[in-house]
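What follows is a short report on a single structure.
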Amino acid sequence: MLEQLLAGALEDANTRRRERPYADVETEALRRPAPLDALAALAPADHVKVIAEVKRASPSRGDLAEIAEPQALAAQYEAGGASVVSVLTEGRKFKGSLADLEAVRKAVSIPVLRKDFIGDEYQVLEARASGADLVLLIVAALPQDRLVRLHALIRELGMTPLVETHSEEEVARAVDLGAQLVGVNARDLSTFELDRDLFGRVADQIPAGVIRVAESAVLSLSDVQHYRAAGADAVLVGEALVTGDPIATLASYTSV
Ligand SMILES: O=C(O)c1ccccc1NCC(=O)[C@H](O)[C@H](O)COP(=O)(O)O
């Protein structure tokens, strides 16, 4: 499934590239105001930070929420105390778009993450041209040489890579890369199985000074407490926020 998602995302990027060539997107990316400092926004604190996701649908859960105005939801996330907004820009299975990212960027003053299946430089430039401050890189989807190249490009553009892992081996690859922001996704992106204990098993492998994000499977306050007890500096939450009351949910999660 992960290979299919990546192949689809790259095919869609190639279609957009025919309309908007690489050089044009590069120019737009370089003209943007500097990205916001996501590492400062997610720095360890006396409470857990929340990366709040705009998520309409997903392969594992189908349709989750209508979200006609992602910018309005993102503004609620900021008001509720989120540190970063994650915007799923993949169109086929998640019903997201770069237009969502642009709209959210205009509506909030906290950093914004482009969450997608990133496999080439063009997608990174598109992220910056649309106002992203962070870009997701999924270790399982990329050979190490491409991971290194994309990680370097994201940083050259002033953005922050969120390097997502799902095993001890992948955490080791993220650490080798010098990643400063490492996510551990409880969801296996091929089988969709959830393992909330994975974060606790690998967290010690992530060096001190690197920000640790527990991703997925937060459906209640006790899930946040579980991740926090295992050493999470931040949690990334989608479903619970788009299907519940985002402001009340964030107030309770950020109190942990
Ligand atoms: O959510 C999915 O079904 C999914 C399937 C395949 C690849 C990625 C997928 N989700 C992306 C994410 O990592 C989550 O949207 C994110 O971590 C939030 O998860 P949750 O709070 O469980 O909605």
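Letters for chains follow the order of the structure tokens (A, B, ...), residue numbers begin at 1 for each chain, and ligand numbers begin at 1 in the order shown.
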| task | Grab me every residue within 8 Å of ligand 1, counting only C-alpha atoms and all ligand atoms, and send it over as a PyMOL selection string. | result | chain A and resi 1-2+5+53+55+57-62+88+115+185-190+192+215-219+236-241
| message | Applying 8 Å and only C-alpha atoms, which residues near stretch 133-145 of chain A remain after dropping the ones on its own chain fewer than 2 positions away? List them as an MDAnalysis selection string. | response | chainID A and resid 2:3 6 35:38 111:119 124 127:128 131 147:149 151 154 158:166 170 173:174
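Among the candidates A:Ser97, A:Asn14, A:Ser220, A:Ser167, the one nearest to A:Asp197 when counting only C-alpha atoms is A:Ser167.
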| task | Mind giving me the straight-line distance from atom CA of A:Val48 to atom CA of A:Val256 in Å, one decimal? | result | 5.8 Å
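Non-sequential neighbours of stretch 67-69 of chain A (distance at most 9 Å, separation of 5 or more positions within a chain, only C-alpha atoms) are Val54, Lys55, Arg56, Ala74, Asp100, Ala103, Val104 and Val242 of chain A.
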Can you write out the residues you just picked, keeping N, CA and C atoms, as a JSON list (two decimals), in the first residue's frame?
```
[["chain", "number", "residue", "atom", "x", "y", "z"],
["A", 54, "VAL", "N", -5.25, 18.25, 9.71],
["A", 54, "VAL", "CA", -6.44, 18.43, 8.87],
["A", 54, "VAL", "C", -6.55, 17.15, 8.03],
["A", 55, "LYS", "N", -7.54, 16.32, 8.35],
["A", 55, "LYS", "CA", -7.62, 14.96, 7.77],
["A", 55, "LYS", "C", -9.07, 14.66, 7.40],
["A", 56, "ARG", "N", -9.35, 14.65, 6.11],
["A", 56, "ARG", "CA", -10.74, 14.39, 5.67],
["A", 56, "ARG", "C", -11.05, 12.91, 5.59],
["A", 74, "ALA", "N", -8.13, 24.92, 11.00],
["A", 74, "ALA", "CA", -6.77, 25.21, 11.45],
["A", 74, "ALA", "C", -6.76, 26.38, 12.44],
["A", 100, "ASP", "N", -5.37, 23.34, 0.10],
["A", 100, "ASP", "CA", -5.64, 23.28, 1.55],
["A", 100, "ASP", "C", -4.46, 23.87, 2.34],
["A", 103, "ALA", "N", -4.34, 27.62, 2.02],
["A", 103, "ALA", "CA", -5.41, 28.27, 2.79],
["A", 103, "ALA", "C", -5.08, 28.25, 4.28],
["A", 104, "VAL", "N", -4.55, 27.14, 4.74],
["A", 104, "VAL", "CA", -4.20, 27.03, 6.17],
["A", 104, "VAL", "C", -3.05, 27.98, 6.51],
["A", 242, "VAL", "N", -10.63, 15.75, 14.14],
["A", 242, "VAL", "CA", -11.61, 16.08, 13.08],
["A", 242, "VAL", "C", -12.99, 15.47, 13.36]]
```
| query | So which residues of stretch 29-256 of chain A fall under strand (DSSP E) by DSSP, listed as number ranges by chain? | reply | A: 49-54, 57-58, 62-63, 84-88, 112-115, 134-138, 160-165, 181-185, 211-215, 234-237
Preceding selection exported with N, CA and C atoms as a compact mmCIF listing (two decimals), in the first residue's frame:
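That gives us out-v2.txt:
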```txt
# COMPACT_ATOMS: atom_id res chain seq x y z
N LYS A 49 3.40 18.83 23.35
CA LYS A 49 2.98 19.69 22.25
C LYS A 49 2.09 18.85 21.32
N VAL A 50 1.18 19.54 20.62
CA VAL A 50 0.29 18.81 19.70
C VAL A 50 0.47 19.32 18.27
N ILE A 51 0.69 18.38 17.36
CA ILE A 51 0.64 18.65 15.92
C ILE A 51 -0.77 18.21 15.49
N ALA A 52 -1.59 19.17 15.12
CA ALA A 52 -3.02 18.90 14.87
C ALA A 52 -3.24 18.78 13.36
N GLU A 53 -3.87 17.68 12.97
CA GLU A 53 -3.95 17.36 11.54
C GLU A 53 -5.31 17.66 10.91
N VAL A 54 -5.25 18.25 9.71
CA VAL A 54 -6.44 18.43 8.87
C VAL A 54 -6.55 17.15 8.03
N ALA A 57 -10.06 12.13 5.17
CA ALA A 57 -10.29 10.70 4.88
C ALA A 57 -8.95 10.00 4.95
N SER A 58 -8.99 8.68 5.00
CA SER A 58 -7.73 7.94 4.98
C SER A 58 -7.99 6.53 4.44
N GLY A 62 -11.47 5.41 5.75
CA GLY A 62 -12.44 5.97 4.80
C GLY A 62 -12.72 7.43 5.13
N ASP A 63 -13.94 7.89 4.83
CA ASP A 63 -14.27 9.30 5.09
C ASP A 63 -14.39 9.54 6.59
N VAL A 84 1.64 23.08 15.94
CA VAL A 84 1.86 22.96 14.49
C VAL A 84 0.55 22.43 13.90
N VAL A 85 0.24 22.86 12.66
CA VAL A 85 -0.89 22.26 11.93
C VAL A 85 -0.31 21.37 10.84
N SER A 86 -0.80 20.13 10.78
CA SER A 86 -0.42 19.19 9.72
C SER A 86 -1.54 19.18 8.68
N VAL A 87 -1.16 19.35 7.41
CA VAL A 87 -2.17 19.33 6.35
C VAL A 87 -1.84 18.18 5.41
N LEU A 88 -2.77 17.23 5.32
CA LEU A 88 -2.61 16.13 4.36
C LEU A 88 -2.91 16.67 2.98
N VAL A 112 3.29 25.12 9.69
CA VAL A 112 2.39 24.22 8.95
C VAL A 112 3.23 23.12 8.28
N LEU A 113 2.79 21.88 8.46
CA LEU A 113 3.46 20.70 7.91
C LEU A 113 2.78 20.24 6.63
N ARG A 114 3.56 19.99 5.57
CA ARG A 114 3.01 19.28 4.40
C ARG A 114 3.13 17.80 4.66
N LYS A 115 1.98 17.12 4.84
CA LYS A 115 1.97 15.68 5.10
C LYS A 115 1.53 14.99 3.82
N LEU A 134 7.27 22.79 7.41
CA LEU A 134 7.81 21.44 7.64
C LEU A 134 7.34 20.55 6.50
N VAL A 135 8.15 19.49 6.25
CA VAL A 135 7.78 18.49 5.23
C VAL A 135 8.02 17.11 5.83
N LEU A 136 7.04 16.21 5.63
CA LEU A 136 7.19 14.84 6.12
C LEU A 136 8.05 14.02 5.17
N LEU A 137 8.99 13.27 5.74
CA LEU A 137 9.73 12.26 4.98
C LEU A 137 9.51 10.92 5.66
N ILE A 138 9.00 9.95 4.91
CA ILE A 138 8.71 8.62 5.48
C ILE A 138 9.88 7.70 5.14
N THR A 160 11.79 22.45 8.04
CA THR A 160 12.17 21.38 8.97
C THR A 160 11.62 20.06 8.46
N PRO A 161 12.50 19.06 8.28
CA PRO A 161 11.98 17.74 7.93
C PRO A 161 11.45 17.02 9.18
N LEU A 162 10.27 16.44 9.09
CA LEU A 162 9.79 15.51 10.12
C LEU A 162 10.04 14.12 9.56
N VAL A 163 10.98 13.40 10.16
CA VAL A 163 11.42 12.10 9.63
C VAL A 163 10.65 10.99 10.36
N GLU A 164 9.79 10.33 9.58
CA GLU A 164 8.87 9.35 10.19
C GLU A 164 9.42 7.93 10.11
N THR A 165 9.31 7.22 11.23
CA THR A 165 9.85 5.86 11.34
C THR A 165 8.77 4.90 11.86
N LEU A 181 14.09 16.16 14.17
CA LEU A 181 12.69 15.94 14.52
C LEU A 181 12.31 14.55 14.00
N VAL A 182 12.12 13.61 14.92
CA VAL A 182 11.86 12.22 14.52
C VAL A 182 10.46 11.81 14.99
N GLY A 183 9.68 11.30 14.05
CA GLY A 183 8.36 10.78 14.40
C GLY A 183 8.38 9.27 14.41
N VAL A 184 7.62 8.69 15.35
CA VAL A 184 7.43 7.23 15.37
C VAL A 184 5.94 7.02 15.14
N ASN A 185 5.62 6.45 13.99
CA ASN A 185 4.20 6.26 13.66
C ASN A 185 3.72 4.91 14.19
N ILE A 211 13.93 16.08 18.90
CA ILE A 211 12.53 16.15 19.33
C ILE A 211 11.80 14.88 18.89
N ARG A 212 11.07 14.27 19.84
CA ARG A 212 10.42 12.97 19.59
C ARG A 212 8.91 13.15 19.47
N VAL A 213 8.40 12.70 18.34
CA VAL A 213 6.96 12.86 18.08
C VAL A 213 6.32 11.47 18.01
N ALA A 214 5.26 11.27 18.78
CA ALA A 214 4.47 10.03 18.68
C ALA A 214 3.31 10.32 17.73
N GLU A 215 3.25 9.54 16.65
CA GLU A 215 2.25 9.80 15.62
C GLU A 215 1.18 8.72 15.60
N ALA A 234 6.01 15.50 21.64
CA ALA A 234 4.83 15.96 20.89
C ALA A 234 4.05 14.76 20.40
N VAL A 235 2.76 14.97 20.16
CA VAL A 235 1.93 13.93 19.54
C VAL A 235 1.30 14.50 18.28
N LEU A 236 1.13 13.64 17.29
CA LEU A 236 0.48 14.07 16.04
C LEU A 236 -0.90 13.41 16.00
N VAL A 237 -1.94 14.25 15.93
CA VAL A 237 -3.31 13.75 16.09
C VAL A 237 -4.18 14.18 14.91
```
| Nearest candidate to A:Pro70 (options A:Lys106, A:His47, A:Arg228, A:Arg16; using only C-alpha atoms) | A:Lys106
| Among stretch 16-155 of chain A, which ones does DSSP place in alpha helix (DSSP H), written as a ChimeraX atom specification? | /A:16-19,22-31,38-41,70-80,98-107,121-129,144-155
